[in-house]
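J.: See coords-v6.csv below, with CSV, C-alpha atoms.
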chain,number,residue,atom,x,y,z
A,1242,MET,CA,-19.3,-1.3,-7.2
A,1243,SER,CA,-17.8,1.2,-9.6
A,1244,TYR,CA,-15.4,-0.4,-12.1
A,1245,LYS,CA,-12.4,1.1,-13.8
A,1246,ILE,CA,-12.8,2.0,-17.4
A,1247,PRO,CA,-10.3,0.0,-19.6
A,1248,ARG,CA,-8.9,3.2,-21.2
A,1249,SER,CA,-5.9,4.8,-19.7
A,1250,VAL,CA,-3.0,7.2,-20.2
A,1251,LEU,CA,0.7,6.8,-19.8
A,1252,VAL,CA,2.6,10.0,-19.1
A,1253,LEU,CA,6.4,10.0,-19.7
A,1254,VAL,CA,7.8,12.8,-17.6
A,1255,HIS,CA,11.2,13.8,-18.8
A,1256,THR,CA,13.8,16.5,-18.8
A,1257,ALA,CA,15.5,18.2,-21.8
A,1258,GLU,CA,18.4,15.8,-21.0
A,1259,ARG,CA,16.1,12.8,-21.4
A,1260,GLU,CA,16.1,11.9,-17.7
A,1261,VAL,CA,12.8,10.1,-17.1
A,1262,LEU,CA,10.8,10.1,-13.9
A,1263,LEU,CA,9.9,6.6,-12.6
A,1264,LEU,CA,7.6,5.7,-9.7
A,1265,GLU,CA,7.6,2.6,-7.6
A,1266,ARG,CA,4.2,1.1,-7.1
A,1267,ALA,CA,3.0,0.8,-3.5
A,1268,LEU,CA,0.9,-2.3,-4.1
A,1269,ARG,CA,3.8,-4.0,-6.0
A,1270,PRO,CA,7.1,-3.0,-4.5
A,1271,GLY,CA,9.9,-3.3,-7.0
A,1272,TYR,CA,7.5,-2.5,-9.9
A,1273,TRP,CA,8.6,0.8,-11.5
A,1274,GLN,CA,6.6,2.8,-14.0
A,1275,SER,CA,5.8,6.2,-15.4
A,1276,VAL,CA,2.6,8.1,-14.4
A,1277,THR,CA,-0.4,6.0,-15.5
A,1278,GLY,CA,-4.1,6.0,-14.8
A,1279,SER,CA,-7.5,5.3,-16.2
A,1280,VAL,CA,-10.0,7.9,-17.3
A,1281,ASP,CA,-12.5,8.8,-14.6
A,1282,ASP,CA,-15.5,8.5,-16.9
A,1283,GLU,CA,-16.3,7.9,-20.5
A,1284,ARG,CA,-16.5,11.6,-21.3
A,1285,GLU,CA,-13.2,12.7,-19.7
A,1286,PRO,CA,-10.8,13.9,-22.4
A,1287,LEU,CA,-7.6,12.0,-22.5
A,1288,VAL,CA,-5.4,15.1,-22.1
A,1289,ARG,CA,-7.4,16.0,-19.0
A,1290,ALA,CA,-6.9,12.5,-17.6
A,1291,ALA,CA,-3.1,12.8,-18.3
A,1292,ALA,CA,-2.9,16.2,-16.5
A,1293,ARG,CA,-5.0,14.9,-13.6
A,1294,GLU,CA,-3.0,11.7,-13.1
A,1295,LEU,CA,0.2,13.7,-13.3
A,1296,GLN,CA,-1.0,16.0,-10.5
A,1297,GLU,CA,-2.4,13.2,-8.4
A,1298,GLU,CA,0.6,10.9,-8.6
A,1299,THR,CA,3.5,13.4,-8.5
A,1300,GLY,CA,2.2,16.8,-7.6
A,1301,ILE,CA,3.5,18.2,-10.9
A,1302,ASP,CA,1.3,20.6,-12.7
A,1303,ALA,CA,1.2,20.0,-16.5
A,1304,VAL,CA,1.8,23.7,-17.1
A,1305,ALA,CA,5.4,23.2,-15.7
A,1306,GLY,CA,6.3,21.8,-19.1
A,1307,ARG,CA,4.9,20.9,-22.5
A,1308,LEU,CA,2.3,18.1,-22.3
A,1309,GLU,CA,2.0,16.4,-25.6
A,1310,ARG,CA,-0.1,13.5,-26.8
A,1311,TRP,CA,1.9,11.1,-29.0
A,1312,ASN,CA,0.3,9.2,-31.8
A,1313,VAL,CA,1.0,5.9,-29.9
A,1314,VAL,CA,-1.7,3.6,-28.5
A,1315,TYR,CA,-1.1,0.3,-26.9
A,1316,THR,CA,-3.7,-2.5,-26.3
A,1317,PHE,CA,-2.6,-5.0,-23.7
A,1318,GLU,CA,-3.9,-7.7,-21.5
A,1319,ILE,CA,-4.7,-6.6,-17.9
A,1320,TYR,CA,-2.5,-8.4,-15.4
A,1321,GLN,CA,-4.6,-11.0,-13.6
A,1322,GLN,CA,-4.0,-9.4,-10.1
A,1323,TRP,CA,-5.6,-6.2,-11.3
A,1324,ARG,CA,-8.6,-7.6,-13.3
A,1325,SER,CA,-11.0,-7.4,-10.3
A,1326,ARG,CA,-10.9,-3.6,-10.7
A,1327,PHE,CA,-12.6,-3.9,-14.1
A,1328,ALA,CA,-16.1,-5.1,-15.0
A,1329,PRO,CA,-16.5,-8.9,-15.4
A,1330,GLY,CA,-15.2,-10.1,-18.7
A,1331,VAL,CA,-12.9,-7.1,-19.3
A,1332,SER,CA,-9.4,-8.5,-20.1
A,1333,HIS,CA,-7.7,-5.8,-22.1
A,1334,ASN,CA,-6.9,-2.1,-21.7
A,1335,VAL,CA,-6.2,0.6,-24.3
A,1336,GLU,CA,-3.4,3.0,-23.2
A,1337,HIS,CA,-2.7,6.4,-24.8
A,1338,VAL,CA,0.8,7.8,-24.5
A,1339,PHE,CA,1.6,11.3,-23.5
A,1340,ALA,CA,4.9,13.0,-22.6
A,1341,LEU,CA,5.5,16.0,-20.3
A,1342,ALA,CA,8.7,17.7,-21.5
A,1343,LEU,CA,10.4,19.7,-18.6
A,1344,PRO,CA,13.4,21.9,-18.9
A,1345,ALA,CA,14.9,20.2,-15.8
A,1346,ARG,CA,13.9,18.1,-12.8
A,1347,VAL,CA,11.1,19.5,-10.7
A,1348,PRO,CA,10.1,18.5,-7.1
A,1349,VAL,CA,8.0,15.4,-6.8
A,1350,ARG,CA,5.2,14.8,-4.2
A,1351,LEU,CA,4.1,11.2,-4.3
A,1352,ALA,CA,0.7,9.9,-3.6
A,1353,PRO,CA,1.6,7.6,-0.7
A,1354,ARG,CA,-1.2,5.1,-1.3
A,1355,GLU,CA,0.0,4.7,-4.9
A,1356,HIS,CA,3.8,5.0,-4.8
A,1357,LEU,CA,6.7,4.3,-2.5
A,1358,ALA,CA,9.5,6.1,-4.2
A,1359,PHE,CA,10.6,8.0,-7.3
A,1360,ASP,CA,13.7,8.3,-9.3
A,1361,TRP,CA,15.0,10.4,-12.2
A,1362,LEU,CA,17.0,8.1,-14.5
A,1363,PRO,CA,18.7,8.4,-17.9
A,1364,TRP,CA,16.3,7.1,-20.5
A,1365,ARG,CA,18.1,3.8,-21.1
A,1366,ASP,CA,18.2,3.0,-17.3
A,1367,ALA,CA,14.6,4.0,-17.0
A,1368,ALA,CA,13.6,1.7,-19.9
A,1369,ALA,CA,15.5,-1.2,-18.3
A,1370,LYS,CA,13.8,-0.6,-14.9
A,1371,CYS,CA,10.2,-0.6,-16.1
A,1372,PHE,CA,8.1,-3.7,-15.6
A,1373,SER,CA,5.7,-2.8,-18.3
A,1374,TRP,CA,6.6,-3.5,-21.9
A,1375,SER,CA,4.5,-0.6,-23.2
A,1376,ASN,CA,6.2,1.8,-20.8
A,1377,ARG,CA,9.6,0.5,-21.8
A,1378,ASP,CA,8.8,0.8,-25.5
A,1379,ALA,CA,7.6,4.4,-25.0
A,1380,ILE,CA,10.8,5.4,-23.1
A,1381,VAL,CA,12.9,3.8,-25.9
A,1382,MET,CA,10.9,5.9,-28.4
A,1383,LEU,CA,11.7,9.0,-26.4
A,1384,GLY,CA,15.4,8.2,-26.2
A,1385,GLU,CA,15.6,7.6,-29.9
A,1386,GLN,CA,14.1,11.0,-30.9
For this file, write the structure as structure tokens.

T.:
Amino acid sequence: MSYKIPRSVLVLVHTAEREVLLLERALRPGYWQSVTGSVDDEREPLVRAAARELQEETGIDAVAGRLERWNVVYTFEIYQQWRSRFAPGVSHNVEHVFALALPARVPVRLAPREHLAFDWLPWRDAAAKCFSWSNRDAIVMLGEQ
């Protein structure tokens, strides 16, 4: 069995007006989040993982805007329901925050096995809708810029 690596990216997709793209998880209906995902292997650069996850989950190419790595890293406990994806004994993940700044909304093509729906929301509404505290904090940082 191949285990997930406990190092991931969070990509805040937003417009110049600070509308934030949120995705509803297929495995957890009602759980909304930004683009997220683990690195594929230990050697994958984080910026490549961010661009790959963005493309896989939304169909958005990172060249559509400005993909930027923030100097923000979160370490958090992995929810119990998702721990089986990781090697035995792994309980925490390290998440690196990126943002994709777009001039305006772009079309979204969801990965149906991963997400049920998407929504573009003003940053305050997006922060309130996120289930993840790290995602919520990153959106608040975006809004306060």

J.: Given the choices A:Trp1374, A:Phe1359, A:Trp1364, A:Trp1323, which gets closest to Leu1268 of chain A if the distance is worked out from all atoms listed in the file?

T.: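 Smallest separation from Leu1268 of chain A among the options: A:Trp1323.
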
J.: Hey, can you check how far atom CA of Trp1361 of chain A sits from atom CA of Glu1336 of chain A?

T.: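 Computing the Euclidean distance for atom CA of Trp1361 of chain A and atom CA of Glu1336 of chain A yields 22.7 Å.
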
J.: Applying 12 Å and only C-alpha atoms, which residues near segment 1287-1301 of chain A remain after dropping the ones on its own chain fewer than 3 positions away? List them as an MDAnalysis selection string.

T.: chainID A and resid 1248:1255 1262:1267 1274:1284 1304:1311 1314 1335:1343 1346:1360

J.: Env of Gln1386 of chain A: 12 Å cut, atoms = only C-alpha atoms, seq-sep filter 3 positions within chain, self excluded. Answer as a count of residues only.

T.: 9

J.: Please list, as a short mmCIF file (atom, residue, chain, number, x, y, z; two decimals) with C-alpha atoms, in the coordinates of the input, the residues that have an atom at most 12 Å away from (-1.5, -5.9, -30.9) in the coordinates of this file, counting all atoms listed in the file.

T.:
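Done, and the output landed in part25.cif:
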data_model
loop_
_atom_site.label_atom_id
_atom_site.label_comp_id
_atom_site.auth_asym_id
_atom_site.auth_seq_id
_atom_site.Cartn_x
_atom_site.Cartn_y
_atom_site.Cartn_z
CA VAL A 1314 -1.70 3.60 -28.50
CA TYR A 1315 -1.10 0.30 -26.90
CA THR A 1316 -3.70 -2.50 -26.30
CA PHE A 1317 -2.60 -5.00 -23.70
CA GLU A 1318 -3.90 -7.70 -21.50
CA HIS A 1333 -7.70 -5.80 -22.10
CA ASN A 1334 -6.90 -2.10 -21.70
CA VAL A 1335 -6.20 0.60 -24.30
CA GLU A 1336 -3.40 3.00 -23.20
CA SER A 1375 4.50 -0.60 -23.20
#

J.: Of the candidates A:Asp1366, A:Glu1385, A:Asp1378, A:Asp1302, which shows the shortest atom-to-atom distance to Glu1260 of chain A, using only C-alpha atoms?

T.: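 Closest to Glu1260 of chain A of all the choices is A:Asp1366.
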
J.: Do you have the atom CA of Ile1246 of chain A-atom CA of Ser1332 of chain A distance handy?

T.: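 Interatomic distance here is 11.4 Å.
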
J.: Just give me the gap between atom CA of Gln1321 of chain A and atom CA of Trp1273 of chain A in Å, one decimal is fine.

T.: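 Computing the Euclidean distance for atom CA of Gln1321 of chain A and atom CA of Trp1273 of chain A yields 17.8 Å.
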
J.: Here is a test: counting all atoms listed in the file, which residue of A:Ala1328, A:Ile1319, A:Ala1345, A:Val1261 is nearest to Arg1365 of chain A?

T.: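 Under the stated criterion, the closest residue is A:Val1261.
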
J.: With distances taken over all atoms listed in the file, which of A:Ser1373, A:Leu1362, A:Tyr1244, A:Gly1271 is nearest to Tyr1320 of chain A?

T.: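 The shortest atom-to-atom distance to Tyr1320 of chain A comes from A:Ser1373.
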
J.: If the box runs along x, y and z of the file and leaves 5 Å on each side of segment 1318-1336 of chain A, what are its centre and edge lengths in Å, one decimal, as JSON?

T.:
{"center_x": -9.5, "center_y": -4.0, "center_z": -17.2, "size_x": 24.0, "size_y": 24.0, "size_z": 24.2}
